[in-house]
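S.K.: Dropping in structure.txt, which is compact mmCIF, C-alpha atoms and all ligand atoms:
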```txt
# COMPACT_ATOMS: atom_id res chain seq x y z
CA MET G 1 -25.16 4.86 -8.58
CA ILE G 2 -23.12 1.90 -7.29
CA GLU G 3 -23.59 0.01 -4.09
CA GLY G 4 -22.03 -3.04 -2.48
CA LYS G 5 -24.22 -4.74 0.10
CA ASN G 6 -22.80 -7.08 2.73
CA LEU G 7 -19.95 -8.12 0.42
CA TYR G 8 -17.70 -11.04 1.31
CA LYS G 9 -14.81 -12.60 -0.55
CA ILE G 10 -13.24 -15.74 0.79
CA PHE G 11 -10.29 -17.13 -1.17
CA GLU G 12 -9.15 -20.70 -0.75
CA SER G 13 -5.49 -21.45 -1.19
CA GLY G 14 -3.34 -24.59 -0.92
CA ILE G 15 -3.73 -27.85 -2.86
CA PHE G 16 -4.13 -30.41 -0.05
CA SER G 17 -5.12 -28.50 3.04
CA LYS G 18 -7.38 -25.67 1.94
CA ARG G 19 -6.63 -22.44 3.78
CA LYS G 20 -9.34 -19.80 3.79
CA ILE G 21 -8.47 -16.12 3.41
CA VAL G 22 -11.26 -13.70 4.23
CA ALA G 23 -10.17 -10.84 1.96
CA VAL G 24 -13.41 -8.85 2.28
CA ASP G 25 -15.46 -9.34 5.40
CA GLY G 26 -19.03 -8.01 5.18
CA VAL G 27 -18.58 -4.61 3.52
CA ASP G 28 -21.36 -2.12 2.75
CA ILE G 29 -20.26 0.63 0.40
CA GLU G 30 -22.00 3.27 -1.72
CA ILE G 31 -20.69 5.74 -4.28
CA LYS G 32 -22.96 8.42 -5.71
CA GLU G 33 -22.97 9.95 -9.19
CA GLY G 34 -20.03 12.31 -9.72
CA GLU G 35 -18.51 11.33 -6.37
CA THR G 36 -15.10 9.95 -5.41
CA LEU G 37 -14.82 7.62 -2.48
CA ALA G 38 -11.15 7.29 -1.48
CA LEU G 39 -10.42 3.86 -0.03
CA ILE G 40 -7.33 3.67 2.14
CA GLY G 41 -5.70 0.87 4.10
CA GLU G 42 -2.50 -1.09 4.35
CA SER G 43 -1.33 -3.73 1.89
CA GLY G 44 -3.46 -6.88 2.03
CA SER G 45 -6.43 -5.18 3.72
CA GLY G 46 -8.71 -6.12 0.81
CA LYS G 47 -8.96 -2.84 -1.13
CA SER G 48 -8.31 -4.28 -4.61
CA THR G 49 -10.56 -7.28 -4.00
CA LEU G 50 -13.40 -4.95 -2.98
CA GLY G 51 -12.82 -2.78 -6.08
CA ARG G 52 -12.76 -5.80 -8.37
CA MET G 53 -15.98 -7.14 -6.81
CA LEU G 54 -17.78 -3.85 -7.51
CA LEU G 55 -16.70 -4.27 -11.15
CA MET G 56 -17.72 -7.95 -11.02
CA LEU G 57 -14.21 -8.91 -12.15
CA THR G 58 -14.02 -10.96 -8.95
CA GLU G 59 -17.18 -12.83 -8.04
CA PRO G 60 -18.38 -12.09 -4.49
CA THR G 61 -18.63 -15.11 -2.18
CA LYS G 62 -21.68 -13.44 -0.68
CA GLY G 63 -23.49 -10.13 -1.02
CA ASP G 64 -24.84 -7.95 -3.82
CA VAL G 65 -23.54 -5.32 -6.20
CA ILE G 66 -26.18 -2.85 -7.33
CA PHE G 67 -25.28 -0.59 -10.26
CA GLU G 68 -27.80 1.95 -11.57
CA GLU G 69 -30.49 0.07 -9.67
CA LYS G 70 -29.68 -3.30 -11.27
CA ASN G 71 -28.38 -6.22 -9.21
CA LEU G 72 -25.23 -7.33 -11.07
CA THR G 73 -24.76 -10.43 -8.93
CA LYS G 74 -28.05 -11.84 -10.22
CA MET G 75 -27.38 -11.09 -13.90
CA LYS G 76 -26.63 -13.49 -16.73
CA LYS G 77 -23.11 -13.21 -18.20
CA SER G 78 -24.45 -11.82 -21.49
CA GLU G 79 -26.35 -9.04 -19.70
CA LEU G 80 -23.34 -8.31 -17.51
CA ARG G 81 -21.11 -7.88 -20.56
CA LYS G 82 -23.29 -4.99 -21.76
CA ILE G 83 -23.19 -3.27 -18.37
CA ARG G 84 -19.41 -3.76 -18.05
CA ARG G 85 -18.63 -1.07 -20.59
CA LYS G 86 -19.98 1.48 -18.14
CA MET G 87 -17.51 0.32 -15.48
CA GLN G 88 -13.76 0.41 -15.92
CA LEU G 89 -10.54 -0.27 -14.05
CA ILE G 90 -7.42 1.89 -14.07
CA PRO G 91 -4.77 -0.35 -12.50
CA GLN G 92 -1.58 0.39 -10.58
CA TYR G 93 0.77 -0.95 -13.25
CA PRO G 94 -0.17 0.65 -16.59
CA ASP G 95 2.14 -1.74 -18.46
CA THR G 96 0.00 -4.71 -17.39
CA ALA G 97 -3.14 -3.04 -18.77
CA LEU G 98 -1.85 -2.81 -22.34
CA ASP G 99 -0.69 -5.61 -24.61
CA PRO G 100 3.06 -5.04 -25.23
CA ARG G 101 2.70 -6.37 -28.79
CA TRP G 102 0.08 -3.80 -29.76
CA THR G 103 0.48 -0.15 -30.62
CA ILE G 104 -1.30 2.37 -28.41
CA TYR G 105 -3.81 2.86 -31.25
CA GLU G 106 -4.69 -0.85 -31.30
CA SER G 107 -5.03 -0.97 -27.51
CA ILE G 108 -7.46 1.95 -27.44
CA ALA G 109 -9.35 0.60 -30.46
CA GLU G 110 -9.89 -2.85 -28.92
CA PRO G 111 -12.83 -2.02 -26.61
CA LEU G 112 -14.47 0.01 -29.40
CA ARG G 113 -14.20 -2.98 -31.73
CA ILE G 114 -15.44 -5.50 -29.16
CA HIS G 115 -18.52 -3.39 -28.49
CA LYS G 116 -18.89 -2.49 -32.20
CA ILE G 117 -18.79 1.26 -31.53
CA ALA G 118 -17.53 4.18 -33.59
CA ASP G 119 -17.82 4.12 -37.36
CA ASN G 120 -15.18 6.81 -37.49
CA GLU G 121 -12.76 4.91 -35.25
CA TYR G 122 -9.67 7.01 -36.03
CA ASP G 123 -11.36 10.31 -35.18
CA LYS G 124 -12.76 8.91 -31.94
CA ILE G 125 -9.31 7.63 -30.89
CA LYS G 126 -7.64 10.91 -31.84
CA GLU G 127 -10.20 12.76 -29.71
CA LEU G 128 -9.57 10.40 -26.77
CA ILE G 129 -5.81 10.83 -26.76
CA GLU G 130 -6.16 14.60 -27.01
CA ILE G 131 -8.45 14.55 -23.97
CA VAL G 132 -5.81 12.71 -21.93
CA GLY G 133 -3.00 15.02 -23.12
CA LEU G 134 -1.20 12.72 -25.58
CA LYS G 135 -0.32 13.48 -29.20
CA GLU G 136 -1.30 11.74 -32.44
CA ASP G 137 2.33 10.66 -32.73
CA HIS G 138 1.98 8.46 -29.60
CA LEU G 139 -0.62 6.29 -31.35
CA ASN G 140 1.88 4.38 -33.47
CA ARG G 141 4.18 3.63 -30.57
CA PHE G 142 4.37 0.47 -28.48
CA PRO G 143 3.94 0.59 -24.66
CA HIS G 144 7.71 0.27 -24.02
CA GLU G 145 8.24 3.43 -26.10
CA LEU G 146 6.21 5.56 -23.64
CA SER G 147 7.15 6.99 -20.23
CA GLY G 148 5.24 5.80 -17.13
CA GLY G 149 3.07 8.93 -17.11
CA GLU G 150 2.32 8.71 -20.86
CA LEU G 151 1.47 5.04 -20.46
CA GLN G 152 -0.99 5.77 -17.66
CA ARG G 153 -2.58 8.47 -19.89
CA ALA G 154 -2.97 5.84 -22.64
CA VAL G 155 -4.61 3.47 -20.12
CA ILE G 156 -6.99 6.25 -19.11
CA ALA G 157 -7.82 6.91 -22.79
CA ARG G 158 -8.63 3.22 -23.25
CA ALA G 159 -10.79 3.22 -20.10
CA MET G 160 -12.64 6.33 -21.36
CA ALA G 161 -13.29 4.85 -24.83
CA LEU G 162 -16.63 3.34 -23.86
CA ASN G 163 -17.95 6.39 -21.98
CA PRO G 164 -17.93 4.76 -18.53
CA LYS G 165 -19.91 6.00 -15.55
CA PHE G 166 -17.91 4.34 -12.80
CA ILE G 167 -14.14 3.78 -12.60
CA VAL G 168 -12.10 1.94 -10.01
CA CYS G 169 -8.72 3.68 -9.87
CA ASP G 170 -6.46 1.16 -8.11
CA GLU G 171 -3.37 3.09 -6.94
CA PRO G 172 -3.10 4.67 -10.42
CA THR G 173 -0.17 6.94 -9.56
CA SER G 174 1.82 4.97 -7.01
CA MET G 175 4.39 3.86 -9.61
CA LEU G 176 4.96 7.38 -10.96
CA ASP G 177 7.33 10.23 -10.03
CA VAL G 178 5.80 12.86 -7.75
CA SER G 179 5.64 15.53 -10.50
CA VAL G 180 3.92 13.14 -12.93
CA GLN G 181 1.58 11.92 -10.17
CA ALA G 182 0.11 15.40 -9.78
CA SER G 183 -0.64 15.76 -13.50
CA ILE G 184 -2.40 12.37 -13.64
CA LEU G 185 -4.48 13.18 -10.54
CA ASN G 186 -5.45 16.50 -12.15
CA LEU G 187 -6.42 14.72 -15.35
CA LEU G 188 -8.65 12.28 -13.41
CA MET G 189 -10.33 15.18 -11.57
CA GLU G 190 -10.91 17.09 -14.82
CA LEU G 191 -12.45 14.02 -16.46
CA GLN G 192 -14.71 13.57 -13.46
CA ARG G 193 -15.93 17.16 -13.65
CA GLU G 194 -16.55 17.01 -17.41
CA LYS G 195 -18.22 13.59 -17.52
CA ASN G 196 -19.73 13.39 -14.04
CA LEU G 197 -17.84 10.17 -13.35
CA SER G 198 -17.91 8.24 -10.08
CA TYR G 199 -14.61 6.91 -8.74
CA LEU G 200 -13.54 4.39 -6.17
CA PHE G 201 -10.03 5.70 -5.64
CA ILE G 202 -7.82 3.10 -3.95
CA THR G 203 -4.62 4.33 -2.35
CA HIS G 204 -2.42 3.81 0.68
CA ASP G 205 -1.36 7.47 0.55
CA LEU G 206 -3.41 9.57 2.97
CA GLU G 207 -2.53 12.85 1.26
CA VAL G 208 -3.62 11.58 -2.15
CA ALA G 209 -6.81 10.21 -0.56
CA ASN G 210 -7.50 13.60 0.97
CA ILE G 211 -7.03 15.41 -2.36
CA MET G 212 -9.08 12.98 -4.43
CA GLY G 213 -11.86 11.85 -2.10
CA HIS G 214 -15.12 13.65 -1.48
CA ARG G 215 -15.43 10.99 1.22
CA MET G 216 -12.97 8.51 2.63
CA ALA G 217 -13.30 4.91 3.80
CA VAL G 218 -10.60 3.22 5.87
CA MET G 219 -10.18 -0.52 5.44
CA TYR G 220 -8.52 -2.88 7.89
CA ALA G 221 -8.40 -6.69 7.62
CA GLY G 222 -11.26 -6.84 5.13
CA GLN G 223 -13.60 -4.50 7.01
CA ILE G 224 -14.36 -0.80 6.71
CA VAL G 225 -13.47 0.60 10.13
CA GLU G 226 -14.27 4.26 9.50
CA GLU G 227 -16.01 6.21 6.76
CA GLY G 228 -17.03 9.80 6.10
CA ARG G 229 -15.82 13.33 5.40
CA ASP G 230 -12.94 15.17 7.10
CA ILE G 231 -11.62 11.93 8.56
CA LEU G 232 -8.04 13.17 8.63
CA GLU G 233 -8.94 16.27 10.67
CA GLU G 234 -10.71 14.21 13.29
CA PRO G 235 -9.97 10.48 13.09
CA LEU G 236 -12.09 8.37 15.43
CA HIS G 237 -11.04 4.73 15.02
CA PRO G 238 -7.70 3.91 16.73
CA TYR G 239 -6.35 2.51 13.42
CA THR G 240 -7.20 5.73 11.54
CA ARG G 241 -5.62 7.72 14.36
CA LEU G 242 -2.45 5.66 14.00
CA LEU G 243 -2.39 6.29 10.23
CA VAL G 244 -2.79 10.05 10.73
CA GLU G 245 -0.15 10.15 13.48
CA SER G 246 2.38 8.26 11.34
CA LEU G 247 1.75 10.70 8.47
CA LYS G 248 2.44 13.64 10.81
CA MET G 249 5.61 11.93 12.05
CA GLU G 250 6.80 11.28 8.48
CA GLU G 251 6.24 14.97 7.66
CA GLU G 252 8.16 16.07 10.77
CA ILE G 253 11.06 13.71 9.95
CA ALA G 254 11.15 14.98 6.34
CA ASP G 255 11.15 18.61 7.55
CA THR G 256 13.96 17.89 10.03
CA GLU G 257 16.03 16.09 7.39
CA LEU G 258 15.57 19.03 5.03
CA GLU G 259 16.69 21.48 7.73
CA ILE G 260 19.80 19.40 8.47
CA LYS G 261 20.62 19.15 4.77
CA LYS G 262 20.13 22.90 4.33
CA SER G 263 22.36 23.70 7.32
CA LEU G 264 25.06 21.48 5.78
CA GLY G 265 24.61 23.07 2.37
CA PHE G 266 23.69 19.64 1.04
CA VAL G 267 20.41 20.34 -0.75
CA GLU G 268 22.11 20.65 -4.11
CA GLY G 269 25.82 20.51 -4.80
CA CYS G 270 28.48 17.92 -4.06
CA LYS G 271 27.80 15.12 -1.55
CA TYR G 272 31.44 15.25 -0.35
CA TYR G 273 31.30 19.04 0.29
CA ASN G 274 31.62 18.96 4.11
CA LEU G 275 34.75 16.82 4.17
CA CYS G 276 36.52 18.10 1.06
CA PRO G 277 39.67 20.24 1.56
CA HIS G 278 39.28 21.60 -2.03
CA ARG G 279 35.65 22.70 -1.73
CA SER G 280 34.47 25.93 -3.30
CA GLU G 281 31.21 27.91 -3.49
CA LYS G 282 30.43 26.13 -6.76
CA CYS G 283 30.62 22.73 -4.98
CA LEU G 284 27.98 23.87 -2.50
CA ARG G 285 25.52 24.98 -5.16
CA GLU G 286 26.02 22.72 -8.17
CA LYS G 287 26.03 18.95 -8.42
CA PRO G 288 29.28 18.08 -10.22
CA PRO G 289 28.93 16.07 -13.44
CA LEU G 290 30.67 12.74 -13.93
CA VAL G 291 33.46 13.75 -16.33
CA GLU G 292 35.74 11.55 -18.38
CA VAL G 293 39.29 12.60 -17.53
CA ASP G 294 40.81 10.12 -19.92
CA LYS G 295 39.69 7.03 -21.86
CA ASN G 296 39.71 4.77 -18.81
CA ARG G 297 38.71 7.09 -16.00
CA LYS G 298 35.71 9.14 -14.86
CA VAL G 299 35.41 11.43 -11.82
CA ARG G 300 32.53 13.42 -10.31
CA CYS G 301 34.32 16.61 -9.14
CA HIS G 302 34.27 20.29 -10.15
CA LEU G 303 38.10 20.33 -10.09
CA TYR G 304 38.00 18.34 -13.32
CA ALA G 305 34.83 19.70 -14.90
N1 LIG A 1 -6.73 -14.53 -6.15
C1 LIG A 1 -6.41 -14.63 -4.86
N2 LIG A 1 -6.25 -15.86 -4.28
C2 LIG A 1 -5.96 -15.98 -2.96
N3 LIG A 1 -5.80 -14.93 -2.14
C3 LIG A 1 -5.95 -13.69 -2.65
C4 LIG A 1 -6.24 -13.47 -4.04
N4 LIG A 1 -6.34 -12.14 -4.26
C5 LIG A 1 -6.08 -11.53 -3.07
N5 LIG A 1 -5.86 -12.46 -2.11
C6 LIG A 1 -5.58 -12.20 -0.69
O1 LIG A 1 -6.64 -11.40 -0.19
C7 LIG A 1 -6.12 -10.43 0.71
C8 LIG A 1 -6.50 -9.03 0.23
O2 LIG A 1 -5.79 -8.75 -0.98
P1 LIG A 1 -5.98 -7.40 -1.79
O3 LIG A 1 -5.10 -7.46 -3.00
O4 LIG A 1 -7.42 -7.16 -2.01
O5 LIG A 1 -5.41 -6.31 -0.75
P2 LIG A 1 -5.01 -4.79 -1.00
O6 LIG A 1 -5.46 -4.03 0.19
O7 LIG A 1 -5.51 -4.34 -2.33
O8 LIG A 1 -3.41 -4.88 -1.02
P3 LIG A 1 -2.36 -4.00 -1.88
O9 LIG A 1 -2.46 -2.59 -1.36
O10 LIG A 1 -1.04 -4.65 -1.57
O11 LIG A 1 -2.75 -4.12 -3.32
C9 LIG A 1 -4.63 -10.67 0.81
O12 LIG A 1 -4.38 -11.48 1.92
C10 LIG A 1 -4.32 -11.39 -0.48
O13 LIG A 1 -3.19 -12.24 -0.31
```
So, in terms of structure tokens, how does the structure I just supplied come out?
M.R.:
Amino acid sequence: MIEGKNLYKIFESGIFSKRKIVAVDGVDIEIKEGETLALIGESGSGKSTLGRMLLMLTEPTKGDVIFEEKNLTKMKKSELRKIRRKMQLIPQYPDTALDPRWTIYESIAEPLRIHKIADNEYDKIKELIEIVGLKEDHLNRFPHELSGGELQRAVIARAMALNPKFIVCDEPTSMLDVSVQASILNLLMELQREKNLSYLFITHDLEVANIMGHRMAVMYAGQIVEEGRDILEEPLHPYTRLLVESLKMEEEIADTELEIKKSLGFVEGCKYYNLCPHRSEKCLREKPPLVEVDKNRKVRCHLYA
């Protein structure tokens, strides 16, 4: 469905002495219909640049992008514009994807208007926000009046407006709380099942990559160093092995910290519990509220609650 062949992107920076940055260094990549390829790698390894090249938002320095058997790199701008509606981007920061001066309704309506779609615009938009789990009431709000999770749902609704076939999800949940993250990942998986979407899912989180990806590709310094299924169970490249080992170490550290906290009775309750001469059972179990003892003084202690 979409393929990148021998893709390179070389950026030039600096005004006087031009410095070349090889962001993507000869990548071959293929994503099939209904498939998610999870792309992992550290910051600066070229993941976003590769994603943007597949969408032709960043022009490749060299190489080809083939989408539904058409070579996008050889297309005229006018032809490309028609194809673009089938390819969308869900970015890391949902607030940058929506105009802060527009209501959510206007933001979702914009692509429909540009592509002159939907006679019954309101019904179409209402249907879209219901699909992503928002309510009609959200439509008249501005982006700053929505939570991070709601905002990302609105961005997904906008991306879905033109019935895309391929979506680059660029760290779509990394700015969200863990509980909200899970619901957005579930929504993306549901949409994929219903609409047979293909995703390039960019993340630096191995666990998220493992949940989302049918296959995984590991990127390092602009190159794909390992690709395939079950990579985390049996990593081959030394860099992938290092990533998997650090994940295991992080999990072990988190488990140990939790055990220590539990043994100290610190999981909930008062942070000063261990040292406090006035501690009680309640202090161990319940986090004390910050109470106003008089007009000029507040204290976080159960003795005053
Ligand atoms: N427009 C640009 N001009 C110059 N250099 C750029 C540009 N965009 C990206 N780069 C450089 O290309 C390299 C790859 O950047 P890219 O954003 O693709 O990495 P990434 O893996 O997505 O990182 P992150 O996870 O932090 O988003 C980096 O060295 C970056 O500084």
S.K.: Let me see if you get this right: every residue at most 10 Å from ligand LIG 1 (chain A), counting all atoms listed in the file, written as a VMD selection string.
M.R.: chain G and resid 9 to 14 19 to 24 39 to 53 58 92 170 to 171 202 to 204 219 to 222
S.K.: Leaving out Leu7 in chain G and any residue of its chain fewer than 4 positions from it, which residues lie within 6 Å of it when counting only C-alpha atoms, given as a list in words?
M.R.: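 Result of the neighbour search: Gly26, Val27, Lys62 and Gly63 of chain G.
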S.K.: Near Arg85 in chain G, counting only C-alpha atoms, which residues have an atom at most 8 Å away, once you skip same-chain residues fewer than 6 positions from it, shown as a ChimeraX atom specification?
M.R.: /G:162-164
S.K.: Which polymer residues, whether protein, DNA or RNA, lie within 9 Å of the coordinate (-20.4, 4.3, -17.4) when you count all atoms listed in the file? List them as a PDB file with C-alpha atoms, keeping the file's coordinate frame, using the chain letters and numbers from the file.
M.R.:
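result-v3.pdb, freshly written:
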```
ATOM      1  CA  ILE G  83     -23.190  -3.270 -18.370  1.00  0.00           C
ATOM      2  CA  ARG G  84     -19.410  -3.760 -18.050  1.00  0.00           C
ATOM      3  CA  ARG G  85     -18.630  -1.070 -20.590  1.00  0.00           C
ATOM      4  CA  LYS G  86     -19.980   1.480 -18.140  1.00  0.00           C
ATOM      5  CA  MET G  87     -17.510   0.320 -15.480  1.00  0.00           C
ATOM      6  CA  GLN G  88     -13.760   0.410 -15.920  1.00  0.00           C
ATOM      7  CA  MET G 160     -12.640   6.330 -21.360  1.00  0.00           C
ATOM      8  CA  LEU G 162     -16.630   3.340 -23.860  1.00  0.00           C
ATOM      9  CA  ASN G 163     -17.950   6.390 -21.980  1.00  0.00           C
ATOM     10  CA  PRO G 164     -17.930   4.760 -18.530  1.00  0.00           C
ATOM     11  CA  LYS G 165     -19.910   6.000 -15.550  1.00  0.00           C
ATOM     12  CA  PHE G 166     -17.910   4.340 -12.800  1.00  0.00           C
ATOM     13  CA  ILE G 167     -14.140   3.780 -12.600  1.00  0.00           C
ATOM     14  CA  LEU G 197     -17.840  10.170 -13.350  1.00  0.00           C
ATOM     15  CA  SER G 198     -17.910   8.240 -10.080  1.00  0.00           C
TER      16      SER G 198
END
```
S.K.: When you look at Asn140 in chain G with a cut-off of 12 Å (counting all atoms listed in the file), what residues show up, excluding the ones that are within fewer than 2 positions of it in the same chain? I need them as number ranges by chain.
M.R.: G: 101-108, 125-126, 134-138, 142-146, 154
S.K.: Fewer than 2 positions away in the same chain doesn't count, so skip those; otherwise give me all residues within 7 Å of Glu68 in chain G, counting all atoms listed in the file, as a compact mmCIF listing (two decimals) with C-alpha atoms, keeping the file's coordinate frame.
M.R.:
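Result file result-v8.txt:
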```txt
# COMPACT_ATOMS: atom_id res chain seq x y z
CA MET G 1 -25.16 4.86 -8.58
CA ILE G 2 -23.12 1.90 -7.29
CA ILE G 66 -26.18 -2.85 -7.33
CA LYS G 70 -29.68 -3.30 -11.27
```
S.K.: Show me, as a PyMOL selection string, the residues that have an atom within 12 Å of Met75 in chain G when counting all atoms listed in the file, minus same-chain residues fewer than 3 positions from it.
M.R.: chain G and resi 56+59+64-67+70-72+78-84
